[in-house]
$ cat structure_31.pdb   # PDB, C-alpha atoms
ATOM      1  CA  MET A 137      31.537  51.736 130.343
ATOM      2  CA  ASP A 138      29.536  51.913 127.117
ATOM      3  CA  ALA A 139      26.869  49.566 128.488
ATOM      4  CA  ALA A 140      26.614  51.610 131.682
ATOM      5  CA  ILE A 141      26.260  54.894 129.800
ATOM      6  CA  GLN A 142      23.649  53.435 127.478
ATOM      7  CA  GLY A 143      21.651  52.182 130.445
ATOM      8  CA  LEU A 144      21.820  55.564 132.153
ATOM      9  CA  SER A 145      20.854  57.372 128.958
ATOM     10  CA  ALA A 146      17.797  55.176 128.384
ATOM     11  CA  ALA A 147      16.723  55.553 132.019
ATOM     12  CA  LEU A 148      17.044  59.347 131.904
ATOM     13  CA  LYS A 149      15.008  59.545 128.707
ATOM     14  CA  SER A 150      12.262  57.471 130.349
ATOM     15  CA  HIS A 151      12.151  60.153 133.065
ATOM     16  CA  GLY A 152      11.714  62.965 130.562
ATOM     17  CA  VAL A 153      15.348  64.076 130.401
ATOM     18  CA  GLY A 154      16.630  64.964 126.941
ATOM     19  CA  VAL A 155      19.974  63.263 126.286
ATOM     20  CA  PHE A 156      22.377  63.795 123.398
ATOM     21  CA  ASP A 157      26.036  63.032 122.799
ATOM     22  CA  GLU A 158      27.568  66.491 123.057
ATOM     23  CA  PRO A 159      26.418  70.133 123.137
ATOM     24  CA  SER A 160      26.202  72.022 119.862
ATOM     25  CA  ALA A 161      24.938  75.355 118.639
ATOM     26  CA  ASP A 162      21.562  73.980 117.544
ATOM     27  CA  GLN A 163      20.851  72.071 120.760
ATOM     28  CA  GLU A 164      20.036  73.677 124.096
ATOM     29  CA  ALA A 165      22.211  72.003 126.705
ATOM     30  CA  HIS A 166      21.557  72.654 130.374
ATOM     31  CA  LEU A 167      24.195  70.361 131.861
ATOM     32  CA  VAL A 168      26.966  68.095 130.552
ATOM     33  CA  HIS A 169      27.984  64.775 132.127
ATOM     34  CA  PHE A 170      31.496  63.599 131.166
ATOM     35  CA  HIS A 171      32.310  59.897 131.450
ATOM     36  CA  GLY A 172      35.981  58.961 131.802
ATOM     37  CA  LEU A 173      39.212  60.913 131.593
ATOM     38  CA  TRP A 174      42.271  61.338 129.360
ATOM     39  CA  GLN A 175      40.206  62.529 126.376
ATOM     40  CA  ARG A 176      41.377  65.705 124.645
ATOM     41  CA  GLN A 177      37.921  66.303 123.176
ATOM     42  CA  HIS A 178      36.534  66.426 126.727
ATOM     43  CA  LEU A 179      38.757  69.420 127.456
ATOM     44  CA  ALA A 180      37.517  71.251 124.378
ATOM     45  CA  ILE A 181      33.880  70.553 125.235
ATOM     46  CA  ALA A 182      34.444  71.629 128.843
ATOM     47  CA  GLU A 183      35.948  74.927 127.667
ATOM     48  CA  ASP A 184      32.910  75.438 125.438
ATOM     49  CA  CYS A 185      30.684  74.754 128.468
ATOM     50  CA  ARG A 186      32.569  77.387 130.451
ATOM     51  CA  ARG A 187      32.113  79.998 127.718
ATOM     52  CA  ARG A 188      28.400  79.215 127.403
ATOM     53  CA  GLY A 189      27.773  79.023 131.155
ATOM     54  CA  ILE A 190      26.830  75.345 131.072
ATOM     55  CA  PRO A 191      27.649  73.431 134.283
ATOM     56  CA  TYR A 192      29.181  69.983 134.024
ATOM     57  CA  LEU A 193      30.089  67.008 136.183
ATOM     58  CA  VAL A 194      32.653  64.254 135.641
ATOM     59  CA  SER A 195      32.498  60.511 136.313
ATOM     60  CA  PRO A 196      36.126  59.253 136.349
ATOM     61  CA  HIS A 197      34.956  55.602 136.223
ATOM     62  CA  GLY A 198      37.971  54.363 138.146
ATOM     63  CA  MET A 199      40.572  56.138 136.048
ATOM     64  CA  LEU A 200      42.016  57.819 139.158
ATOM     65  CA  GLU A 201      42.123  54.636 141.237
ATOM     66  CA  PRO A 202      45.539  53.627 142.655
ATOM     67  CA  TRP A 203      46.117  50.726 140.252
ATOM     68  CA  ALA A 204      45.124  52.862 137.267
ATOM     69  CA  TRP A 205      47.549  55.567 138.401
ATOM     70  CA  ARG A 206      50.428  53.119 138.604
ATOM     71  CA  HIS A 207      49.719  51.780 135.120
ATOM     72  CA  LYS A 208      51.587  54.033 132.656
ATOM     73  CA  TRP A 209      51.994  56.672 135.380
ATOM     74  CA  TRP A 210      54.806  58.352 133.432
ATOM     75  CA  LYS A 211      52.290  59.371 130.781
ATOM     76  CA  LYS A 212      49.280  60.130 132.987
ATOM     77  CA  TRP A 213      50.933  62.267 135.665
ATOM     78  CA  PRO A 214      52.135  65.152 133.446
ATOM     79  CA  TYR A 215      48.870  65.143 131.489
ATOM     80  CA  PHE A 216      46.907  65.270 134.744
ATOM     81  CA  GLN A 217      48.934  68.191 136.072
ATOM     82  CA  LEU A 218      48.802  70.142 132.809
ATOM     83  CA  PHE A 219      45.201  69.536 131.747
ATOM     84  CA  GLU A 220      43.013  67.108 133.661
ATOM     85  CA  LYS A 221      43.373  68.669 137.111
ATOM     86  CA  ARG A 222      41.968  72.002 135.944
ATOM     87  CA  HIS A 223      39.175  70.222 134.069
ATOM     88  CA  LEU A 224      38.147  68.427 137.272
ATOM     89  CA  ALA A 225      38.486  71.541 139.423
ATOM     90  CA  ARG A 226      36.014  73.421 137.213
ATOM     91  CA  ALA A 227      33.394  70.655 137.387
ATOM     92  CA  GLY A 228      30.277  71.214 139.444
ATOM     93  CA  ALA A 229      30.904  67.809 141.008
ATOM     94  CA  LEU A 230      32.754  64.552 140.567
ATOM     95  CA  LEU A 231      30.558  61.467 140.553
ATOM     96  CA  ALA A 232      31.938  58.175 141.873
ATOM     97  CA  THR A 233      30.223  54.833 141.401
ATOM     98  CA  ALA A 234      30.931  53.545 144.927
ATOM     99  CA  PRO A 235      31.790  55.035 148.349
ATOM    100  CA  ALA A 236      35.401  53.795 148.274
ATOM    101  CA  GLU A 237      36.084  55.577 144.992
ATOM    102  CA  ALA A 238      34.375  58.696 146.342
ATOM    103  CA  GLN A 239      36.624  58.746 149.395
ATOM    104  CA  ARG A 240      39.769  58.438 147.282
ATOM    105  CA  LEU A 241      38.591  61.284 145.044
ATOM    106  CA  ARG A 242      37.995  63.486 148.108
ATOM    107  CA  THR A 243      41.528  62.747 149.284
ATOM    108  CA  MET A 244      43.014  63.563 145.898
ATOM    109  CA  LEU A 245      40.890  66.682 145.283
ATOM    110  CA  PRO A 246      39.844  67.916 148.746
ATOM    111  CA  GLN A 247      38.335  71.170 147.471
ATOM    112  CA  GLN A 248      36.018  69.449 145.020
ATOM    113  CA  ARG A 249      32.472  68.272 145.603
ATOM    114  CA  VAL A 250      32.252  64.486 145.285
ATOM    115  CA  GLU A 251      29.049  62.448 145.123
ATOM    116  CA  SER A 252      28.477  58.699 144.804
ATOM    117  CA  LEU A 253      25.815  56.847 142.826
ATOM    118  CA  PRO A 254      26.030  53.255 141.581
ATOM    119  CA  LEU A 255      25.597  52.130 138.015
ATOM    120  CA  GLY A 256      22.488  50.180 137.094
ATOM    121  CA  LEU A 257      21.583  46.994 135.298
ATOM    122  CA  SER A 258      22.700  46.896 131.679
ATOM    123  CA  GLY A 259      19.870  44.863 130.166
ATOM    124  CA  ASP A 260      16.695  42.893 130.773
ATOM    125  CA  ALA A 261      18.233  39.420 131.169
ATOM    126  CA  ARG A 262      16.988  37.161 133.970
ATOM    127  CA  PRO A 263      18.065  33.703 135.167
ATOM    128  CA  ALA A 264      17.938  31.039 132.437
ATOM    129  CA  TYR A 265      20.477  28.498 133.624
ATOM    130  CA  GLY A 266      19.229  25.372 131.856
ATOM    131  CA  PRO A 267      18.294  26.896 128.478
ATOM    132  CA  ALA A 268      21.576  28.829 128.296
ATOM    133  CA  ARG A 269      23.631  25.692 128.899
ATOM    134  CA  VAL A 270      21.700  23.784 126.241
ATOM    135  CA  GLU A 271      22.335  26.594 123.750
ATOM    136  CA  LEU A 272      26.049  26.650 124.598
ATOM    137  CA  GLY A 273      26.429  22.874 124.529
ATOM    138  CA  TRP A 274      27.521  22.562 128.165
ATOM    139  CA  ALA A 275      26.645  19.186 129.682
ATOM    140  CA  PRO A 276      24.431  19.182 132.802
ATOM    141  CA  GLU A 277      27.147  17.595 134.928
ATOM    142  CA  GLU A 278      29.849  20.095 133.926
ATOM    143  CA  LEU A 279      30.918  22.723 136.441
ATOM    144  CA  VAL A 280      31.620  25.902 134.488
ATOM    145  CA  LEU A 281      33.800  28.794 135.610
ATOM    146  CA  LEU A 282      33.400  31.906 133.474
ATOM    147  CA  PHE A 283      35.764  34.798 132.868
ATOM    148  CA  LEU A 284      34.049  37.433 130.716
ATOM    149  CA  SER A 285      35.832  40.749 130.425
ATOM    150  CA  ARG A 286      38.535  42.617 128.605
ATOM    151  CA  ILE A 287      41.657  40.458 128.854
ATOM    152  CA  HIS A 288      44.017  42.906 130.515
ATOM    153  CA  VAL A 289      46.634  42.499 133.211
ATOM    154  CA  LYS A 290      44.385  44.459 135.583
ATOM    155  CA  LYS A 291      41.598  41.896 135.342
ATOM    156  CA  GLY A 292      43.664  39.108 136.952
ATOM    157  CA  LEU A 293      42.956  36.225 134.586
ATOM    158  CA  ASP A 294      46.536  35.090 135.158
ATOM    159  CA  LEU A 295      45.759  34.722 138.876
ATOM    160  CA  LEU A 296      42.860  32.406 138.095
ATOM    161  CA  LEU A 297      44.934  30.276 135.716
ATOM    162  CA  ARG A 298      47.784  29.974 138.221
ATOM    163  CA  ALA A 299      45.375  29.183 141.035
ATOM    164  CA  LEU A 300      43.744  26.353 139.082
ATOM    165  CA  ALA A 301      47.137  25.008 138.012
ATOM    166  CA  GLY A 302      48.174  24.653 141.651
ATOM    167  CA  MET A 303      45.066  23.049 143.150
ATOM    168  CA  LYS A 304      42.758  20.072 142.886
ATOM    169  CA  TRP A 305      39.611  20.630 140.861
ATOM    170  CA  PRO A 306      36.658  18.427 139.845
ATOM    171  CA  ALA A 307      37.118  16.294 136.746
ATOM    172  CA  VAL A 308      33.959  17.855 135.271
ATOM    173  CA  LEU A 309      35.378  21.395 135.456
ATOM    174  CA  ARG A 310      35.436  23.663 132.412
ATOM    175  CA  LEU A 311      36.897  27.194 132.286
ATOM    176  CA  VAL A 312      35.323  29.466 129.674
ATOM    177  CA  ILE A 313      37.190  32.663 128.777
ATOM    178  CA  VAL A 314      35.221  35.297 126.870
ATOM    179  CA  GLY A 315      36.933  38.494 125.776
ATOM    180  CA  ASP A 316      39.945  39.841 123.983
ATOM    181  CA  GLY A 317      42.802  42.219 124.628
ATOM    182  CA  ASP A 318      46.348  43.020 123.644
ATOM    183  CA  PRO A 319      47.441  40.089 121.439
ATOM    184  CA  VAL A 320      50.847  39.830 123.111
ATOM    185  CA  TYR A 321      49.325  39.566 126.580
ATOM    186  CA  VAL A 322      46.598  37.155 125.470
ATOM    187  CA  GLU A 323      49.203  34.951 123.810
ATOM    188  CA  SER A 324      51.283  34.890 127.011
ATOM    189  CA  LEU A 325      48.266  33.525 128.901
ATOM    190  CA  LYS A 326      47.597  30.922 126.234
ATOM    191  CA  ARG A 327      51.229  29.838 126.403
ATOM    192  CA  PHE A 328      50.943  29.426 130.163
ATOM    193  CA  ALA A 329      47.786  27.343 129.688
ATOM    194  CA  ALA A 330      49.495  25.175 127.068
ATOM    195  CA  ASP A 331      52.589  24.688 129.212
ATOM    196  CA  HIS A 332      50.462  23.635 132.201
ATOM    197  CA  ALA A 333      47.749  21.785 130.308
ATOM    198  CA  ALA A 334      48.153  18.647 132.422
ATOM    199  CA  ARG A 335      47.368  20.638 135.573
ATOM    200  CA  LEU A 336      44.505  22.691 134.161
ATOM    201  CA  PRO A 337      40.888  21.826 133.308
ATOM    202  CA  ARG A 338      39.459  22.161 129.833
ATOM    203  CA  ILE A 339      39.714  25.792 128.715
ATOM    204  CA  ASP A 340      37.547  27.359 126.015
ATOM    205  CA  TRP A 341      39.063  30.548 124.576
ATOM    206  CA  VAL A 342      35.883  31.954 123.067
ATOM    207  CA  GLY A 343      37.088  35.391 122.046
ATOM    208  CA  PRO A 344      35.046  38.611 122.280
ATOM    209  CA  VAL A 345      31.280  38.254 122.694
ATOM    210  CA  TRP A 346      29.450  41.472 123.496
ATOM    211  CA  GLY A 347      25.903  42.771 123.247
ATOM    212  CA  ASP A 348      22.967  40.488 124.021
ATOM    213  CA  ALA A 349      24.972  37.420 122.969
ATOM    214  CA  ARG A 350      26.991  37.660 126.183
ATOM    215  CA  TRP A 351      24.039  36.959 128.444
ATOM    216  CA  LYS A 352      23.878  33.217 127.788
ATOM    217  CA  TYR A 353      27.420  32.862 129.147
ATOM    218  CA  PHE A 354      26.507  34.683 132.352
ATOM    219  CA  GLN A 355      23.269  32.687 132.652
ATOM    220  CA  GLY A 356      24.807  29.260 132.106
ATOM    221  CA  ALA A 357      27.937  29.607 134.226
ATOM    222  CA  ASP A 358      28.186  28.133 137.716
ATOM    223  CA  LEU A 359      30.639  30.799 138.925
ATOM    224  CA  PHE A 360      31.663  34.077 137.351
ATOM    225  CA  CYS A 361      35.309  34.899 138.108
ATOM    226  CA  LEU A 362      36.768  38.408 138.020
ATOM    227  CA  PRO A 363      39.955  38.237 140.155
ATOM    228  CA  THR A 364      40.742  41.846 139.364
ATOM    229  CA  HIS A 365      43.459  44.090 140.760
ATOM    230  CA  SER A 366      41.195  47.154 140.630
ATOM    231  CA  GLU A 367      37.586  48.066 139.814
ATOM    232  CA  ASN A 368      35.802  51.255 140.728
ATOM    233  CA  PHE A 369      32.516  49.368 140.175
ATOM    234  CA  GLY A 370      32.821  46.235 138.046
ATOM    235  CA  LEU A 371      29.680  46.158 135.905
ATOM    236  CA  ALA A 372      30.317  42.543 134.878
ATOM    237  CA  VAL A 373      29.933  41.540 138.527
ATOM    238  CA  LEU A 374      26.479  43.093 138.560
ATOM    239  CA  GLU A 375      25.596  41.461 135.230
ATOM    240  CA  ALA A 376      26.386  38.036 136.651
ATOM    241  CA  CYS A 377      24.320  38.737 139.768
ATOM    242  CA  GLN A 378      21.499  40.048 137.592
ATOM    243  CA  VAL A 379      21.004  36.572 136.099
ATOM    244  CA  GLY A 380      21.616  34.757 139.386
ATOM    245  CA  THR A 381      25.198  33.568 138.884
ATOM    246  CA  PRO A 382      27.425  33.796 141.977
ATOM    247  CA  VAL A 383      30.653  35.763 141.666
ATOM    248  CA  LEU A 384      34.252  35.400 142.721
ATOM    249  CA  THR A 385      35.966  38.774 142.815
ATOM    250  CA  THR A 386      38.443  40.644 145.002
ATOM    251  CA  ILE A 387      38.724  43.082 147.858
ATOM    252  CA  ASP A 388      39.869  45.697 145.331
ATOM    253  CA  THR A 389      36.293  46.154 144.129
ATOM    254  CA  PRO A 390      33.320  47.754 145.926
ATOM    255  CA  TRP A 391      31.527  44.397 146.168
ATOM    256  CA  LYS A 392      32.916  42.938 149.395
ATOM    257  CA  SER A 393      30.077  43.981 151.704
ATOM    258  CA  GLU A 394      27.452  43.251 149.052
ATOM    259  CA  LEU A 395      28.547  39.736 148.113
ATOM    260  CA  GLU A 396      30.304  38.078 151.016
ATOM    261  CA  ILE A 397      27.046  37.236 152.827
ATOM    262  CA  GLY A 398      26.089  34.179 150.794
ATOM    263  CA  ARG A 399      26.132  35.876 147.390
ATOM    264  CA  GLY A 400      29.721  35.360 146.320
ATOM    265  CA  TYR A 401      33.367  34.761 147.132
ATOM    266  CA  ILE A 402      35.801  37.574 147.941
ATOM    267  CA  ALA A 403      39.559  37.065 147.557
ATOM    268  CA  ALA A 404      42.664  39.180 147.747
ATOM    269  CA  PRO A 405      44.217  39.629 144.278
ATOM    270  CA  THR A 406      46.793  36.890 144.871
ATOM    271  CA  VAL A 407      47.105  33.352 143.530
ATOM    272  CA  LYS A 408      46.827  31.831 147.013
ATOM    273  CA  SER A 409      43.695  33.754 147.981
ATOM    274  CA  VAL A 410      41.961  33.152 144.639
ATOM    275  CA  ALA A 411      42.687  29.433 145.009
ATOM    276  CA  GLN A 412      41.200  29.434 148.516
ATOM    277  CA  GLN A 413      37.968  31.026 147.320
ATOM    278  CA  VAL A 414      37.670  28.735 144.308
ATOM    279  CA  ALA A 415      38.115  25.804 146.696
ATOM    280  CA  ARG A 416      35.319  27.216 148.871
ATOM    281  CA  PHE A 417      33.059  27.238 145.851
ATOM    282  CA  PHE A 418      33.978  23.651 144.958
ATOM    283  CA  ALA A 419      33.264  22.559 148.540
ATOM    284  CA  GLY A 420      29.851  24.209 148.558
ATOM    285  CA  GLY A 421      28.763  23.001 145.139
ATOM    286  CA  ARG A 422      26.759  24.764 142.475
ATOM    287  CA  HIS A 423      24.015  27.123 143.594
ATOM    288  CA  SER A 424      20.421  25.920 143.471
ATOM    289  CA  ALA A 425      17.702  27.454 141.329
ATOM    290  CA  ILE A 426      16.278  29.056 144.477
ATOM    291  CA  GLN A 427      19.628  30.621 145.347
ATOM    292  CA  ARG A 428      20.046  31.936 141.813
ATOM    293  CA  GLN A 429      16.570  33.472 141.820
ATOM    294  CA  ALA A 430      17.268  35.112 145.181
ATOM    295  CA  LEU A 431      20.541  36.606 143.920
ATOM    296  CA  SER A 432      18.869  37.907 140.779
ATOM    297  CA  GLY A 433      15.997  39.369 142.812
ATOM    298  CA  TRP A 434      18.441  41.219 145.047
ATOM    299  CA  ALA A 435      20.278  42.694 142.036
ATOM    300  CA  TRP A 436      17.057  43.827 140.387
ATOM    301  CA  GLU A 437      15.742  45.396 143.583
ATOM    302  CA  ARG A 438      19.012  47.156 144.371
ATOM    303  CA  PHE A 439      20.274  48.222 140.941
ATOM    304  CA  ALA A 440      17.363  48.515 138.488
ATOM    305  CA  TRP A 441      17.431  51.841 136.664
ATOM    306  CA  PRO A 442      13.839  52.876 137.534
ATOM    307  CA  GLY A 443      15.026  53.212 141.119
ATOM    308  CA  LEU A 444      18.403  54.782 140.346
ATOM    309  CA  ALA A 445      17.474  57.251 137.595
ATOM    310  CA  PRO A 446      15.578  59.636 139.911
ATOM    311  CA  GLN A 447      18.715  59.930 142.053
ATOM    312  CA  TYR A 448      20.732  60.995 138.997
ATOM    313  CA  VAL A 449      18.019  63.468 137.998
ATOM    314  CA  ALA A 450      18.017  64.907 141.526
ATOM    315  CA  LEU A 451      21.798  65.389 141.364
ATOM    316  CA  TYR A 452      21.550  67.132 137.993
ATOM    317  CA  GLN A 453      18.788  69.405 139.299
ATOM    318  CA  ASN A 454      20.834  70.249 142.375
ATOM    319  CA  LEU A 455      23.817  71.236 140.232
ATOM    320  CA  LEU A 456      21.612  73.385 138.027
ATOM    321  CA  SER A 457      20.048  75.108 141.030
ATOM    322  CA  ARG A 458      23.471  75.883 142.504
ATOM    323  CA  THR A 459      24.709  77.463 139.290
ATOM    324  CA  GLY A 460      21.496  79.248 138.448
ATOM    325  CA  ALA A 461      21.427  77.617 135.021
TER     326      ALA A 461
END

$ encode --input "structure_31.pdb" --output "structure tokens"
Amino acid sequence: MDAAIQGLSAALKSHGVGVFDEPSADQEAHLVHFHGLWQRQHLAIAEDCRRRGIPYLVSPHGMLEPWAWRHKWWKKWPYFQLFEKRHLARAGALLATAPAEAQRLRTMLPQQRVESLPLGLSGDARPAYGPARVELGWAPEELVLLFLSRIHVKKGLDLLLRALAGMKWPAVLRLVIVGDGDPVYVESLKRFAADHAARLPRIDWVGPVWGDARWKYFQGADLFCLPTHSENFGLAVLEACQVGTPVLTTIDTPWKSELEIGRGYIAAPTVKSVAQQVARFFAGGRHSAIQRQALSGWAWERFAWPGLAPQYVALYQNLLSRTGA
């Protein structure tokens, strides 16, 4: 989320919009855009907005999606009923990042205005397959699967490990895992990998790599894998596409219609389905330089911030015109 917000902020500033972290007495705020939920400070800022007549909108960023609701529901449900529901009801609009999320928000909050705008590219990286692999020490003949994300049960890394453990894979295969998470959960995955080492390819547990250093992993991989149980958007999917790397992800993301036509591999979030899509990738072989350039070109044309920022500005202006602010 941080990368997405930073990209939006930079794009808005390039279009003459003043952006700062939160409203204060010495700064003239016209509109506030909240990102995410379950933050007590958001409620205090929203109350201050109400007193000062400042309209606001809220981007839940998937935090009201079905999987997210089921995870720790016993804690979220009372908080939502006591605090968050009123916060959302007072917003000028809710902003989803994909049509599917927007539809679920309309079902949950039928009286609220809901709009949908995608997130944009999170950097300037382009395809650099060969140089990235040289820098990372990956041999030309190696076939590299990449998982780069927070290591959380939602992200489905266990599905990928179990799928590989139950199928045939090329002898030159390498799985690279970049990210960190709850130590207990990460250790459970490492134990599974150790217990099934004879049935798994080489696995590199790289740990967390964020910022610009992450791009070489996206650029050098042959397939980016995010077998997630739920994503309202999935910025890492876009980051892989941005540098021309094909993606394996699931039907529980908004990417099915965008990627299934030659750009990626879409599975159900099950071991069997993930294995089937990985096998499809193995059968087709690594993507050519031309294919990678075409995928990158599509991502830049569709999701570059210069094209998206005016749509955000138009939404902000519409909210301001409706409130008279």

$ residues_around --input "structure_31.pdb" --residues "Lys221 (chain A)" --least-positions-apart "2" --cutoff "12 Å" --atoms "all atoms listed in the file" --output "ChimeraX atom specification"
/A:173-174,179,194,196,200,212-219,223-227,230,241,244-245,247-248

$ atom_distance --input "structure_31.pdb" --atom1 "CA of Leu311 (chain A)" --atom2 "CA of Leu282 (chain A)"
6.0 Å

$ resolve_selection --input "structure_31.pdb" --expression "the PyMOL selection byres ((chain A and resi 373-376) around 8)" --output "VMD selection string"
chain A and resid 257 to 258 354 to 355 360 362 370 to 372 377 to 383 385 435

$ atom_distance --input "structure_31.pdb" --atom1 "CA of Leu253 (chain A)" --atom2 "CA of Ala229 (chain A)"
12.2 Å

$ resolve_selection --input "structure_31.pdb" --expression "the PyMOL selection byres ((chain A and resi 352) around 8)" --output "list in words"
Ala264, Ala268, Arg269, Glu271, Leu272, Ala349, Arg350, Trp351, Tyr353, Phe354, Gln355 and Gly356 of chain A

$ resolve_selection --input "structure_31.pdb" --expression "the PyMOL selection byres ((chain A and resi 240) around 12)" --output "PyMOL selection string"
chain A and resi 196+198-202+230-239+241-246+248+250-252+368

$ closest_residue --input "structure_31.pdb" --among "A:Gln453, A:Ser432, A:Thr386, A:Ser324" --to "Gln413 (chain A)" --atoms "all atoms listed in the file"
A:Thr386

$ residues_around --input "structure_31.pdb" --residues "Leu281 (chain A)" --least-positions-apart "4" --cutoff "12 Å" --atoms "all atoms listed in the file" --output "count of residues only"
37

$ residues_around --input "structure_31.pdb" --residues "Leu455 (chain A)" --least-positions-apart "3" --cutoff "8 Å" --atoms "all atoms listed in the file" --output "ChimeraX atom specification"
/A:191,228-229,451-452,458-459

$ closest_atom_pairs --input "structure_31.pdb" --of "region 172-280 of chain A" --to "region 150-158 of chain A" --cutoff "12 Å" --atoms "all atoms listed in the file" --output "tab-separated table"
residue	atom	partner	partner_atom	distance
A:Gln177	CA	A:Glu158	CA	10.4
A:His178	CA	A:Glu158	CA	9.7
A:Ala180	CA	A:Glu158	CA	11.1
A:Ile181	CA	A:Glu158	CA	7.8
A:Ala182	CA	A:Glu158	CA	10.4
A:Asp184	CA	A:Glu158	CA	10.7
A:Cys185	CA	A:Glu158	CA	10.4
A:Ile190	CA	A:Glu158	CA	12.0
A:Tyr192	CA	A:Glu158	CA	11.6

$ residues_around --input "structure_31.pdb" --residues "region 344-347 of chain A" --least-positions-apart "5" --cutoff "9 Å" --atoms "only C-alpha atoms" --output "tab-separated table (two decimals) with C-alpha atoms, in the frame of the given file"
chain	number	residue	atom	x	y	z
A	139	ALA	CA	26.87	49.57	128.49
A	284	LEU	CA	34.05	37.43	130.72
A	285	SER	CA	35.83	40.75	130.43
A	286	ARG	CA	38.53	42.62	128.60
A	314	VAL	CA	35.22	35.30	126.87
A	315	GLY	CA	36.93	38.49	125.78
A	316	ASP	CA	39.94	39.84	123.98
A	317	GLY	CA	42.80	42.22	124.63

$ atom_distance --input "structure_31.pdb" --atom1 "CA of Arg327 (chain A)" --atom2 "CA of Lys290 (chain A)"
18.6 Å

$ build_atoms --input "structure_31.pdb" --residues "region 370-384 of chain A" --atoms "N, CA and C atoms" --output "short mmCIF file (atom, residue, chain, number, x, y, z; two decimals), in the coordinates of the input"
data_model
loop_
_atom_site.label_atom_id
_atom_site.label_comp_id
_atom_site.auth_asym_id
_atom_site.auth_seq_id
_atom_site.Cartn_x
_atom_site.Cartn_y
_atom_site.Cartn_z
N GLY A 370 32.82 47.61 138.52
CA GLY A 370 32.82 46.24 138.05
C GLY A 370 31.45 45.83 137.55
N LEU A 371 31.03 46.40 136.42
CA LEU A 371 29.68 46.16 135.90
C LEU A 371 29.45 44.68 135.60
N ALA A 372 30.49 43.96 135.18
CA ALA A 372 30.32 42.54 134.88
C ALA A 372 29.91 41.75 136.12
N VAL A 373 30.35 42.18 137.28
CA VAL A 373 29.93 41.54 138.53
C VAL A 373 28.43 41.67 138.68
N LEU A 374 27.92 42.87 138.45
CA LEU A 374 26.48 43.09 138.56
C LEU A 374 25.73 42.30 137.50
N GLU A 375 26.28 42.20 136.29
CA GLU A 375 25.60 41.46 135.23
C GLU A 375 25.47 39.99 135.59
N ALA A 376 26.49 39.42 136.20
CA ALA A 376 26.39 38.04 136.65
C ALA A 376 25.31 37.89 137.72
N CYS A 377 25.33 38.78 138.70
CA CYS A 377 24.32 38.74 139.77
C CYS A 377 22.91 38.92 139.20
N GLN A 378 22.79 39.76 138.21
CA GLN A 378 21.50 40.05 137.59
C GLN A 378 20.81 38.78 137.10
N VAL A 379 21.60 37.81 136.61
CA VAL A 379 21.00 36.57 136.10
C VAL A 379 21.19 35.42 137.09
N GLY A 380 21.58 35.75 138.32
CA GLY A 380 21.62 34.76 139.39
C GLY A 380 22.88 33.94 139.50
N THR A 381 23.95 34.33 138.82
CA THR A 381 25.20 33.57 138.88
C THR A 381 26.11 34.13 139.96
N PRO A 382 26.54 33.30 140.92
CA PRO A 382 27.42 33.80 141.98
C PRO A 382 28.77 34.24 141.41
N VAL A 383 29.45 35.09 142.16
CA VAL A 383 30.65 35.76 141.67
C VAL A 383 31.82 35.54 142.60
N LEU A 384 32.99 35.32 142.00
CA LEU A 384 34.25 35.40 142.72
C LEU A 384 34.96 36.66 142.24
#
